[in-house]
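A.B. asks: Attaching a single structure in structure tokens format; questions to follow.
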Amino acid sequence: MLVTIVYDSGYGHTARVAEAVAEGVREVEGTEAKLVAVADGAMDWNALERSDAIIFGSPTYNGLISAKLKQFFEDSTKAVWSELKWRNKIAAGFTNSGAQHGDKLNSLVSMALFAAQHGMIWVGLDLMPGNSSSTGSTDDLNRLGSWLGVMTQSNVDQAPEITRATSVVAWPRPCAGFNPPDPSFPTKESCHETALPRYSPAWR
Ligand SMILES: Cc1cc2nc3c(=O)[nH]c(=O)nc-3n(C[C@H](O)[C@H](O)[C@H](O)COP(=O)(O)O)c2cc1C
């Protein structure tokens, strides 16, 4: 199985989500994950055609997918669409933004519509909503309560490196004990409540 993750990330945060999605894909035995950043320009169309599934990812900018992903959808896939070369491939999507809500749904809807127009089969999340009861927490899986695709949030004043450190390490309370297994994690001084992980290593 080949799963290609086609994403954009202006400032690196969504790229971290893309990497986490790839990690999740690779955990499935016999499945290869290929990460493709649309900004890199060169697109391996053969690999996309060979893919069993294509997962789209974008930051939400102004309540929309990024211009670069839109440009890829609009300009680059015309030839693929005209022959419905991606028909019956599995499709899914993720989006990251600064606000908890941030109008992320609009980005996922755009991706799902694009997939539908290509005859692809869109797959949403089979997760219960997190952080939606009196016992819930901001560490819960699917804490933003999305089903159409993965929604994630990253603080606008923090670098993607923090996102990385908190995404791949399963820390329920990263700042309480401050015992970072990842040396790239920031200093204790910069480890405060706003650095709580908004990403989970288990988005599947
Ligand atoms: C031009 C622009 C528009 C943005 N619009 C939104 C928005 O509509 N909703 C939101 O929650 N965050 C918005 N943000 C914040 C980004 O979604 C957030 O910083 C995100 O992590 C950026 O991802 P990236 O590092 O992959 O580019 C916007 C940021 C920029 C630069």
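Identifiers for the structure tokens are assigned positionally: chains receive A, B, ... in sequence, residues are indexed from 1 per chain, and ligands are indexed from 1 in the order shown.
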From segment 29-83 of chain A, collect each residue whose DSSP state is alpha helix (DSSP H) and return the set as JSON, numbers by chain.
C.D. replies: {"A": [45, 46, 47, 48, 49, 50, 67, 68, 69, 70, 71, 78, 79, 80, 81, 82]}
A.B. asks: Using only C-alpha atoms and all ligand atoms, which residues have at least one atom no more than 10 Å from ligand 1? Output them as an MDAnalysis selection string.
C.D. replies: chainID A and resid 7:18 57:67 95:104 106:107 152:160 163
A.B. asks: Please dump the current selection as a short mmCIF file (atom, residue, chain, number, x, y, z; two decimals), in the first residue's frame; keep C-alpha atoms.
C.D. replies:
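Wrote again-v4.cif, looks like this:
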```cif
data_model
loop_
_atom_site.label_atom_id
_atom_site.label_comp_id
_atom_site.auth_asym_id
_atom_site.auth_seq_id
_atom_site.Cartn_x
_atom_site.Cartn_y
_atom_site.Cartn_z
CA TYR A 7 0.41 19.17 1.86
CA ASP A 8 1.32 22.81 2.16
CA SER A 9 2.78 24.63 5.14
CA GLY A 10 3.78 28.27 4.95
CA TYR A 11 5.50 28.40 8.34
CA GLY A 12 6.17 24.77 9.22
CA HIS A 13 3.39 23.90 11.68
CA THR A 14 1.25 21.94 9.24
CA ALA A 15 4.40 20.19 8.03
CA ARG A 16 4.73 18.72 11.55
CA VAL A 17 1.20 17.39 11.32
CA ALA A 18 2.03 15.92 7.91
CA GLY A 57 -3.10 18.76 4.28
CA SER A 58 -3.13 22.53 4.56
CA PRO A 59 -2.95 25.31 7.09
CA THR A 60 -6.18 27.26 7.33
CA TYR A 61 -5.53 30.79 6.15
CA ASN A 62 -8.43 33.23 6.20
CA GLY A 63 -10.82 30.34 6.66
CA LEU A 64 -9.55 28.61 3.51
CA ILE A 65 -6.94 26.15 2.34
CA SER A 66 -3.66 27.84 1.43
CA ALA A 67 -3.22 29.46 -1.97
CA THR A 95 -5.82 21.14 8.52
CA ASN A 96 -4.04 23.14 11.17
CA SER A 97 -4.67 26.68 12.35
CA GLY A 98 -4.06 29.13 15.17
CA ALA A 99 -7.52 29.42 16.68
CA GLN A 100 -9.22 26.47 18.32
CA HIS A 101 -12.00 26.66 15.74
CA GLY A 102 -10.55 29.12 13.24
CA ASP A 103 -13.02 28.12 10.47
CA LYS A 104 -11.00 24.99 9.79
CA ASN A 106 -14.13 25.17 5.44
CA SER A 107 -10.67 23.87 4.52
CA THR A 152 -5.22 20.52 14.80
CA GLN A 153 -4.28 23.76 16.49
CA SER A 154 -0.91 25.36 17.07
CA ASN A 155 -0.27 28.53 18.99
CA VAL A 156 0.57 31.41 16.68
CA ASP A 157 3.41 32.61 18.89
CA GLN A 158 5.24 29.30 19.04
CA ALA A 159 7.66 27.71 16.61
CA PRO A 160 6.96 24.46 14.78
CA THR A 163 4.88 21.40 17.89
#
```
A.B. asks: Considering only C-alpha atoms, return as a list of chain:residue names whatever protein or nucleic-acid residues lie within 9 Å of Ala47 of chain A, sequence-local ones (same chain, fewer than 3 positions apart) excluded.
C.D. replies: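 Within the cut-off, the hits are A:Leu2, A:Thr4, A:Lys34, A:Met43, A:Asp44, A:Arg50, A:Ser51.
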A.B. asks: Any chance you could list, as a PyMOL selection string, the residues in segment 16-151 of chain A that come up strand (DSSP E) when DSSP is run on the backbone?
C.D. replies: chain A and resi 32-37+53-59+90-97+121-122+150-151
A.B. asks: May I have the residues from that selection written out with C-alpha atoms, as a PDB file, in the first residue's frame?
C.D. replies:
```pdb
ATOM      1  CA  GLU A  32       4.599   3.107   2.669  1.00  0.00           C
ATOM      2  CA  ALA A  33       4.061   6.825   3.292  1.00  0.00           C
ATOM      3  CA  LYS A  34       5.336   9.462   0.906  1.00  0.00           C
ATOM      4  CA  LEU A  35       5.350  13.126   1.908  1.00  0.00           C
ATOM      5  CA  VAL A  36       4.980  15.687  -0.867  1.00  0.00           C
ATOM      6  CA  ALA A  37       5.112  19.427  -0.159  1.00  0.00           C
ATOM      7  CA  ALA A  53      -4.701   6.754  -0.879  1.00  0.00           C
ATOM      8  CA  ILE A  54      -3.903  10.455  -1.053  1.00  0.00           C
ATOM      9  CA  ILE A  55      -4.167  12.556   2.093  1.00  0.00           C
ATOM     10  CA  PHE A  56      -4.369  16.327   1.662  1.00  0.00           C
ATOM     11  CA  GLY A  57      -3.104  18.764   4.282  1.00  0.00           C
ATOM     12  CA  SER A  58      -3.131  22.530   4.556  1.00  0.00           C
ATOM     13  CA  PRO A  59      -2.953  25.313   7.086  1.00  0.00           C
ATOM     14  CA  ILE A  90      -9.072   6.760  -0.853  1.00  0.00           C
ATOM     15  CA  ALA A  91      -8.857  10.429   0.134  1.00  0.00           C
ATOM     16  CA  ALA A  92      -8.651  12.146   3.523  1.00  0.00           C
ATOM     17  CA  GLY A  93      -7.528  15.474   4.884  1.00  0.00           C
ATOM     18  CA  PHE A  94      -6.107  17.473   7.757  1.00  0.00           C
ATOM     19  CA  THR A  95      -5.824  21.136   8.525  1.00  0.00           C
ATOM     20  CA  ASN A  96      -4.035  23.142  11.171  1.00  0.00           C
ATOM     21  CA  SER A  97      -4.673  26.683  12.355  1.00  0.00           C
ATOM     22  CA  ILE A 121     -13.595   8.022  -1.792  1.00  0.00           C
ATOM     23  CA  TRP A 122     -13.381  10.420   1.147  1.00  0.00           C
ATOM     24  CA  VAL A 150      -8.210  15.903  11.242  1.00  0.00           C
ATOM     25  CA  MET A 151      -8.228  19.351  12.817  1.00  0.00           C
TER      26      MET A 151
END
```
A.B. asks: When you count only C-alpha atoms, which of these residues is closest to Leu141 of chain A: A:Asp126, A:Arg26, A:Glu74, A:Ala112?
C.D. replies: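 So, comparing all the options, the nearest one is A:Asp126.
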A.B. asks: At what distance in Å, to one decimal, does atom CA of Lys85 of chain A lie from atom CA of Gly149 of chain A?
C.D. replies: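 Atom CA of Gly149 of chain A sits 22.9 Å away from atom CA of Lys85 of chain A.
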A.B. asks: Pick the closest to Ala39 of chain A from A:Ser137, A:Lys68, A:Ala20, A:Val25: which is it, counting only C-alpha atoms?
C.D. replies: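 Checking each of A:Ser137, A:Lys68, A:Ala20, A:Val25 against Ala39 of chain A, counting only C-alpha atoms, the winner is A:Lys68.
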A.B. asks: What does the distance between atom CA of Leu125 of chain A and atom CA of Met111 of chain A come to in Å, to one decimal place?
C.D. replies: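 Rounded to one decimal, the two atoms are 14.4 Å apart.
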